[in-house]
Amino acid sequence: MIHRIPLVMIVTSDIAGQVRGKGFPAAWLEERLEQGVGFTHTNHMINCWGTIPATPWGPLGDLALMADPATEVRVDFGDGSPDEWFMLGGLCTMDGGPWECCLRHYLASALESLREETGLTLVAAFEHEFHDGGLAERGGDSYSLDKVRRAGDFPGVVLHALEAAGAEPETFLPEFGRSQFEFTVRPALGMVAADRAIIAREMVRAAARRLDRDVSFSPQVDPAGPGNGVHIHMSFRDRDGRPVSHDPSQPSGLAARMGSFVAGILKRLPALVAVTAPSAASYQRLKPHSWSSAYNNLGWRDREAAVRICPGPETPGADVASAFNVEFRAGDAAASPWLQLGILVRAGLEGIREGLPTPEPVSSDPDAMSDDERGEHGVERLPVSLGEALDRLECAPDAGTLLPGELLEAYVMHKRGELDGIAGLTPEEVCRRYRDVY
Ligand code: GLU
Ligand code: MG
């Protein structure tokens, strides 16, 4: 048998939505939990192409990537391959305080502000779609038993990895697109839910690596087929853990603060979509009539709305309040879940602060409306490219509240550099480039 020393990685999820970090021999774990591993500010500017076209920080500065031991993942695949062994962490300055551009701290402080100001705790679940490029394809097998059968060991190994990593898998299904699958995990408190999303993607990749599959979470693997969405389900609990998102007396069922939270998100969506759908390929997905979302509308059980009010149990005596949740659909896996959920919470909290009324769910197709009709419904088309979304973000009046400190400048600089890296490519080539890196 081959000899090896187990390697442990401390990793973070960065602006590129990539999971990067450093490793060490397992015997050093205790020490590394105290000291972290060294990192530098400009690591955040490594884009998904692996280049650093520009950086506000240059080669200067040191940070410590500090692990949160509660996120430890150690998964044995039983095939003799090394365990997947890593922990997620946040970036700290050398005096131990949070770095203002650390995305894990960004989410933590958003959740903390929500709790402090409103007493509300966010419960969330990230739902993921992806493509398995290694699947022997046959057309017409959407949702079919045969598609799962042809995937062989893959679904079961993914479920094992998710379960062993503590991600609590709930479903695995053969989605609509060719070679497309979806899985869901159980809802959890905000930070756990986002950590879980990061871990879950890695577990799918880890399973794929061991079975020689070629998976991609890219929002659009080819311009013609359906996109891969990340749908984020959200609900509130009060200080005593009671579900408080639902109000049966309201026509849409949304309790007032949940309504304001959703209104805050939808109001800022044309700007913040630059963060939740952060790649050039993302805008090939966010087209009308592609079961993703293309307008900043609220929809009642509508799978093309940016925020969908999800179905709940309707049988007599059912616990509607606990099941009630809204689903944000204008997101994808090119984003860091910490950043994605963090910006939604910040925008939603602004909506609560402003006391915005619950938006009227739009029951007809916003794409079939005239501009005037859309105006009456308070609905507008989302940006049609990442460049346009970044413009909207930069000139949004509250951009500095959504991405405080140096994060706004770093984010926009990072993403403009990413776009320069694919300038002049055809939509097919753009999809291919993103398919390889997500
Ligand atoms: N694939 C669709 C998307 O890009 C979602 C389909 C569905 O599950 O409703 O978001
Ligand atoms: Mg789906």
# chains A, B, ... in the order shown; residues from 1 in each chain; ligands from 1
call {"tool": "residues_around", "arguments": {"residues": "Phe77 of chain A", "least_positions_apart": "6", "cutoff": "9 Å", "atoms": "only C-alpha atoms", "output": "tab-separated table (two decimals) with N, CA, C and O atoms, in the first residue's frame"}}
result
chain	number	residue	atom	x	y	z
A	83	ASP	N	-8.65	10.96	2.13
A	83	ASP	CA	-9.88	11.60	2.61
A	83	ASP	C	-9.93	13.03	2.09
A	83	ASP	O	-8.91	13.68	1.95
A	84	GLU	N	-11.13	13.51	1.86
A	84	GLU	CA	-11.33	14.95	1.68
A	84	GLU	C	-11.30	15.53	3.09
A	84	GLU	O	-12.17	15.20	3.92
A	157	VAL	N	-22.82	8.10	-4.51
A	157	VAL	CA	-21.56	8.58	-3.94
A	157	VAL	C	-21.70	10.05	-3.54
A	157	VAL	O	-21.19	10.48	-2.50
A	160	HIS	N	-23.58	10.08	-0.29
A	160	HIS	CA	-22.68	9.68	0.81
A	160	HIS	C	-21.80	10.86	1.22
A	160	HIS	O	-21.65	11.16	2.41
A	161	ALA	N	-21.21	11.53	0.23
A	161	ALA	CA	-20.28	12.63	0.52
A	161	ALA	C	-21.01	13.78	1.23
A	161	ALA	O	-20.51	14.34	2.21
A	207	ALA	N	-16.80	13.73	-5.42
A	207	ALA	CA	-17.38	12.47	-5.91
A	207	ALA	C	-17.07	12.30	-7.39
A	207	ALA	O	-16.69	11.22	-7.85
A	210	ARG	N	-13.53	11.16	-8.11
A	210	ARG	CA	-13.27	9.75	-7.82
A	210	ARG	C	-13.93	8.81	-8.83
A	210	ARG	O	-13.52	7.68	-8.99
call {"tool": "residues_near_ligand", "arguments": {"ligand": "ligand 2", "cutoff": "9 Å", "atoms": "only C-alpha atoms and all ligand atoms", "output": "ChimeraX atom specification"}}
result
/A:127-129,173,175-176,181-183,228-231,291
call {"tool": "residues_around", "arguments": {"residues": "Gly225 of chain A", "least_positions_apart": "6", "cutoff": "12 Å", "atoms": "only C-alpha atoms", "output": "list in words"}}
result
His131, Glu175, Phe176, Gly177, Arg178, Ser179, Gln180, Pro219, Gln284, Arg285, Lys287, Ser290, Trp291, Glu428 and Cys431 of chain A
call {"tool": "select_by_dssp", "arguments": {"residues": "segment 98-204 of chain A", "states": "helix (DSSP H, G or I)", "output": "ChimeraX atom specification"}}
result
/A:103-118,145-150,154-164,190-204
call {"tool": "select_by_dssp", "arguments": {"residues": "segment 23-201 of chain A", "states": "strand (DSSP E)", "output": "number ranges by chain"}}
result
A: 23-25, 37-39, 63-67, 73-75, 84-92, 121-132, 169-174, 180-185, 188-189
call {"tool": "closest_residue", "arguments": {"among": "A:Ile232, A:Leu341, A:Ala256, A:Leu390", "to": "ligand 1", "atoms": "only C-alpha atoms and all ligand atoms"}}
result
A:Ile232
